Amino acid sequence: MTASPETGAAARPRTGRPRRPGPLRGGAPLPLLVPALIGLAFLVLPLVALLIRAPWTSMPELLTSAEVWQALRLSLICATAATAVSMVIGVPLAWLLARVEFPGRGLVRALVTLPLVLPPVVGGVALLMALGRNGVVGQWLDSWFGVTLPFTTTGVILAEAFVAMPFLVISVEGTLRAADPRYEEAATTLGASRFTAFRRVTLPLIAPGIAAGAVLAWARALGEFGATITFAGNFPGRTQTMPLAVYLALQSDPEAAIALSLVLLAVSIAVLAGLRDRWMTAS
């Protein structure tokens, strides 16, 4: 007995896409539920404690003090500049990894993502060895152009870009791989150059991925500590960003440290809320 075409059509989704698996029916088994709740409490409890111990009554005074405002302003400027640097050089790098076949592409991709797993302090030391006054490249920048990057605001931007750009590259590369390359090929067959096809066709297609990657890179740059303090130091008004100010304030003014931590927490929540369509949608 054969199934009718109507029955087969009804059994298949009309969109032709595989159905997304939903949650399992029934309650969770106790051996899984208990450690899951412990894990949730382990992640949430420190944040709740931060909110409980926050000096809410003196918060406006703490956040408007000259030192805190200086760190806030410098952090926002440097994180934005680091994100701009990451976009200028990271988007072409993501396109190269997604669209061009070349020997050693897997190795290049591994090197690009290495800062994600590299301890930030090690990244700062590596930047010093490369761009320091006696570094591999920094010695020539100093002797030829008189440019010194460590312990400057520019050094903060470079340190933040070093640790934040991989987030942008990964996001944009994933979006490029999901985009249909035939649109670019059609544009080139109609006479457009590869760069024109990238600028007029590819960029509009991958704009959501670039925006998501830029937000992630900005948030990562805003919270960078290890590479910044190693490569740029901790000089108020010049290199002291919010994470460094939190570390310094924790030793002398814990309430100010909590206030700054709440600002960083609010930024992180805002980033997650902005990316809810990508990560926080329910099935």
# chains A, B, ... in the order shown; residues from 1 in each chain; ligands from 1
>>> select_by_dssp(residues="segment 81-135 of chain A", states="helix (DSSP H, G or I)", output="PDB file with N, CA and C atoms, in the first residue's frame")
ATOM      1  N   ALA A  81      37.337  53.223  19.275  1.00  0.00           N
ATOM      2  CA  ALA A  81      38.436  53.280  18.318  1.00  0.00           C
ATOM      3  C   ALA A  81      38.967  51.888  17.997  1.00  0.00           C
ATOM      4  N   ALA A  82      39.069  51.020  19.008  1.00  0.00           N
ATOM      5  CA  ALA A  82      39.529  49.653  18.773  1.00  0.00           C
ATOM      6  C   ALA A  82      38.551  48.892  17.890  1.00  0.00           C
ATOM      7  N   THR A  83      37.262  49.131  18.063  1.00  0.00           N
ATOM      8  CA  THR A  83      36.267  48.486  17.205  1.00  0.00           C
ATOM      9  C   THR A  83      36.378  48.985  15.773  1.00  0.00           C
ATOM     10  N   ALA A  84      36.627  50.281  15.604  1.00  0.00           N
ATOM     11  CA  ALA A  84      36.799  50.820  14.246  1.00  0.00           C
ATOM     12  C   ALA A  84      38.019  50.206  13.565  1.00  0.00           C
ATOM     13  N   VAL A  85      39.123  50.093  14.313  1.00  0.00           N
ATOM     14  CA  VAL A  85      40.325  49.452  13.757  1.00  0.00           C
ATOM     15  C   VAL A  85      40.023  47.999  13.388  1.00  0.00           C
ATOM     16  N   SER A  86      39.305  47.303  14.243  1.00  0.00           N
ATOM     17  CA  SER A  86      38.971  45.908  13.982  1.00  0.00           C
ATOM     18  C   SER A  86      38.110  45.769  12.734  1.00  0.00           C
ATOM     19  N   MET A  87      37.193  46.699  12.521  1.00  0.00           N
ATOM     20  CA  MET A  87      36.333  46.621  11.342  1.00  0.00           C
ATOM     21  C   MET A  87      37.116  46.898  10.064  1.00  0.00           C
ATOM     22  N   VAL A  88      38.010  47.879  10.118  1.00  0.00           N
ATOM     23  CA  VAL A  88      38.760  48.256   8.911  1.00  0.00           C
ATOM     24  C   VAL A  88      39.633  47.108   8.423  1.00  0.00           C
ATOM     25  N   ILE A  89      40.292  46.416   9.334  1.00  0.00           N
ATOM     26  CA  ILE A  89      41.186  45.339   8.912  1.00  0.00           C
ATOM     27  C   ILE A  89      40.590  43.951   9.134  1.00  0.00           C
ATOM     28  N   GLY A  90      39.570  43.849   9.994  1.00  0.00           N
ATOM     29  CA  GLY A  90      38.996  42.542  10.287  1.00  0.00           C
ATOM     30  C   GLY A  90      38.004  42.058   9.248  1.00  0.00           C
ATOM     31  N   VAL A  91      37.195  42.961   8.694  1.00  0.00           N
ATOM     32  CA  VAL A  91      36.225  42.548   7.672  1.00  0.00           C
ATOM     33  C   VAL A  91      36.928  42.020   6.421  1.00  0.00           C
ATOM     34  N   PRO A  92      37.951  42.709   5.869  1.00  0.00           N
ATOM     35  CA  PRO A  92      38.682  42.111   4.744  1.00  0.00           C
ATOM     36  C   PRO A  92      39.331  40.778   5.090  1.00  0.00           C
ATOM     37  N   LEU A  93      39.831  40.644   6.318  1.00  0.00           N
ATOM     38  CA  LEU A  93      40.433  39.375   6.719  1.00  0.00           C
ATOM     39  C   LEU A  93      39.385  38.267   6.758  1.00  0.00           C
ATOM     40  N   ALA A  94      38.203  38.573   7.267  1.00  0.00           N
ATOM     41  CA  ALA A  94      37.131  37.581   7.280  1.00  0.00           C
ATOM     42  C   ALA A  94      36.722  37.196   5.865  1.00  0.00           C
ATOM     43  N   TRP A  95      36.657  38.166   4.963  1.00  0.00           N
ATOM     44  CA  TRP A  95      36.334  37.865   3.562  1.00  0.00           C
ATOM     45  C   TRP A  95      37.396  36.963   2.938  1.00  0.00           C
ATOM     46  N   LEU A  96      38.662  37.231   3.238  1.00  0.00           N
ATOM     47  CA  LEU A  96      39.748  36.408   2.706  1.00  0.00           C
ATOM     48  C   LEU A  96      39.612  34.966   3.184  1.00  0.00           C
ATOM     49  N   LEU A  97      39.301  34.774   4.452  1.00  0.00           N
ATOM     50  CA  LEU A  97      39.182  33.430   4.990  1.00  0.00           C
ATOM     51  C   LEU A  97      37.953  32.698   4.470  1.00  0.00           C
ATOM     52  N   ALA A  98      36.902  33.439   4.165  1.00  0.00           N
ATOM     53  CA  ALA A  98      35.652  32.807   3.745  1.00  0.00           C
ATOM     54  C   ALA A  98      35.561  32.593   2.244  1.00  0.00           C
ATOM     55  N   ARG A  99      36.229  33.415   1.454  1.00  0.00           N
ATOM     56  CA  ARG A  99      35.999  33.390   0.007  1.00  0.00           C
ATOM     57  C   ARG A  99      37.206  32.934  -0.820  1.00  0.00           C
ATOM     58  N   ARG A 105      45.331  28.074   4.756  1.00  0.00           N
ATOM     59  CA  ARG A 105      44.202  28.867   5.244  1.00  0.00           C
ATOM     60  C   ARG A 105      43.778  28.416   6.640  1.00  0.00           C
ATOM     61  N   GLY A 106      43.827  27.105   6.908  1.00  0.00           N
ATOM     62  CA  GLY A 106      43.480  26.624   8.240  1.00  0.00           C
ATOM     63  C   GLY A 106      44.417  27.157   9.306  1.00  0.00           C
ATOM     64  N   LEU A 107      45.706  27.248   8.970  1.00  0.00           N
ATOM     65  CA  LEU A 107      46.672  27.789   9.927  1.00  0.00           C
ATOM     66  C   LEU A 107      46.418  29.267  10.181  1.00  0.00           C
ATOM     67  N   VAL A 108      46.108  30.001   9.110  1.00  0.00           N
ATOM     68  CA  VAL A 108      45.809  31.425   9.271  1.00  0.00           C
ATOM     69  C   VAL A 108      44.579  31.618  10.146  1.00  0.00           C
ATOM     70  N   ARG A 109      43.562  30.792   9.933  1.00  0.00           N
ATOM     71  CA  ARG A 109      42.360  30.903  10.763  1.00  0.00           C
ATOM     72  C   ARG A 109      42.680  30.600  12.225  1.00  0.00           C
ATOM     73  N   ALA A 110      43.531  29.603  12.459  1.00  0.00           N
ATOM     74  CA  ALA A 110      43.914  29.289  13.834  1.00  0.00           C
ATOM     75  C   ALA A 110      44.668  30.448  14.479  1.00  0.00           C
ATOM     76  N   LEU A 111      45.543  31.105  13.721  1.00  0.00           N
ATOM     77  CA  LEU A 111      46.290  32.242  14.260  1.00  0.00           C
ATOM     78  C   LEU A 111      45.370  33.419  14.555  1.00  0.00           C
ATOM     79  N   VAL A 112      44.361  33.595  13.706  1.00  0.00           N
ATOM     80  CA  VAL A 112      43.414  34.699  13.914  1.00  0.00           C
ATOM     81  C   VAL A 112      42.612  34.489  15.191  1.00  0.00           C
ATOM     82  N   THR A 113      42.226  33.252  15.459  1.00  0.00           N
ATOM     83  CA  THR A 113      41.408  32.975  16.644  1.00  0.00           C
ATOM     84  C   THR A 113      42.253  32.742  17.902  1.00  0.00           C
ATOM     85  N   LEU A 114      43.568  32.725  17.771  1.00  0.00           N
ATOM     86  CA  LEU A 114      44.429  32.462  18.922  1.00  0.00           C
ATOM     87  C   LEU A 114      44.220  33.451  20.069  1.00  0.00           C
ATOM     88  N   PRO A 115      44.041  34.761  19.818  1.00  0.00           N
ATOM     89  CA  PRO A 115      43.815  35.677  20.947  1.00  0.00           C
ATOM     90  C   PRO A 115      42.582  35.357  21.773  1.00  0.00           C
ATOM     91  N   LEU A 116      41.660  34.549  21.244  1.00  0.00           N
ATOM     92  CA  LEU A 116      40.480  34.168  22.022  1.00  0.00           C
ATOM     93  C   LEU A 116      40.851  33.277  23.202  1.00  0.00           C
ATOM     94  N   VAL A 117      41.860  32.433  23.023  1.00  0.00           N
ATOM     95  CA  VAL A 117      42.247  31.494  24.077  1.00  0.00           C
ATOM     96  C   VAL A 117      43.566  31.886  24.730  1.00  0.00           C
ATOM     97  N   PRO A 120      45.263  37.110  28.281  1.00  0.00           N
ATOM     98  CA  PRO A 120      45.472  38.507  27.885  1.00  0.00           C
ATOM     99  C   PRO A 120      46.823  39.072  28.284  1.00  0.00           C
ATOM    100  N   VAL A 121      47.355  38.642  29.445  1.00  0.00           N
ATOM    101  CA  VAL A 121      48.665  39.132  29.863  1.00  0.00           C
ATOM    102  C   VAL A 121      49.733  38.697  28.868  1.00  0.00           C
ATOM    103  N   VAL A 122      49.612  37.463  28.369  1.00  0.00           N
ATOM    104  CA  VAL A 122      50.550  36.981  27.359  1.00  0.00           C
ATOM    105  C   VAL A 122      50.419  37.811  26.088  1.00  0.00           C
ATOM    106  N   GLY A 123      49.188  38.176  25.740  1.00  0.00           N
ATOM    107  CA  GLY A 123      48.999  39.058  24.590  1.00  0.00           C
ATOM    108  C   GLY A 123      49.677  40.397  24.778  1.00  0.00           C
ATOM    109  N   GLY A 124      49.606  40.938  26.000  1.00  0.00           N
ATOM    110  CA  GLY A 124      50.283  42.197  26.273  1.00  0.00           C
ATOM    111  C   GLY A 124      51.790  42.081  26.168  1.00  0.00           C
ATOM    112  N   VAL A 125      52.338  40.974  26.668  1.00  0.00           N
ATOM    113  CA  VAL A 125      53.778  40.753  26.548  1.00  0.00           C
ATOM    114  C   VAL A 125      54.172  40.616  25.080  1.00  0.00           C
ATOM    115  N   ALA A 126      53.358  39.895  24.308  1.00  0.00           N
ATOM    116  CA  ALA A 126      53.647  39.740  22.884  1.00  0.00           C
ATOM    117  C   ALA A 126      53.617  41.086  22.165  1.00  0.00           C
ATOM    118  N   LEU A 127      52.675  41.944  22.529  1.00  0.00           N
ATOM    119  CA  LEU A 127      52.633  43.278  21.935  1.00  0.00           C
ATOM    120  C   LEU A 127      53.870  44.086  22.304  1.00  0.00           C
ATOM    121  N   LEU A 128      54.334  43.945  23.533  1.00  0.00           N
ATOM    122  CA  LEU A 128      55.557  44.639  23.932  1.00  0.00           C
ATOM    123  C   LEU A 128      56.757  44.169  23.125  1.00  0.00           C
ATOM    124  N   MET A 129      56.846  42.846  22.906  1.00  0.00           N
ATOM    125  CA  MET A 129      57.965  42.303  22.147  1.00  0.00           C
ATOM    126  C   MET A 129      57.906  42.723  20.675  1.00  0.00           C
ATOM    127  N   ALA A 130      56.702  42.998  20.184  1.00  0.00           N
ATOM    128  CA  ALA A 130      56.562  43.390  18.778  1.00  0.00           C
ATOM    129  C   ALA A 130      56.610  44.897  18.585  1.00  0.00           C
ATOM    130  N   LEU A 131      55.897  45.639  19.452  1.00  0.00           N
ATOM    131  CA  LEU A 131      55.720  47.074  19.227  1.00  0.00           C
ATOM    132  C   LEU A 131      56.358  47.939  20.305  1.00  0.00           C
TER     133      LEU A 131
END
>>> atom_distance(atom1="atom CA of Leu168 of chain A", atom2="atom CA of Gly132 of chain A")
25.6 Å
>>> closest_residue(among="A:Arg133, A:Leu74, A:Arg53, A:Phe195", to="Pro243 of chain A", atoms="only C-alpha atoms")
A:Leu74
>>> atom_distance(atom1="atom CA of Tyr247 of chain A", atom2="atom CA of Ala217 of chain A")
21.8 Å
>>> residues_around(residues="Pro181 of chain A", least_positions_apart="4", cutoff="10 Å", atoms="only C-alpha atoms", output="PyMOL selection string")
chain A and resi 99+176-177+185-186+201-202
>>> residues_around(residues="segment 233-238 of chain A", least_positions_apart="5", cutoff="9 Å", atoms="only C-alpha atoms", output="list in words")
Glu67, Gln70, Ala71, Leu74, Pro150, Phe151, Thr152, Thr153, Val156, Thr228, Leu244 and Ala245 of chain A
>>> write_last_selection(atoms="C-alpha atoms", output="CSV table (one decimal), in the first residue's frame")
chain,number,residue,atom,x,y,z
A,67,GLU,CA,38.5,59.9,38.4
A,70,GLN,CA,37.9,60.1,33.4
A,71,ALA,CA,38.1,56.3,33.2
A,74,LEU,CA,38.7,56.9,28.1
A,150,PRO,CA,53.5,51.4,24.8
A,151,PHE,CA,52.1,53.3,27.8
A,152,THR,CA,50.1,55.6,25.6
A,153,THR,CA,46.4,55.9,24.7
A,156,VAL,CA,45.4,51.0,24.8
A,228,THR,CA,46.0,46.8,28.5
A,244,LEU,CA,41.9,49.1,35.5
A,245,ALA,CA,40.0,51.7,37.6
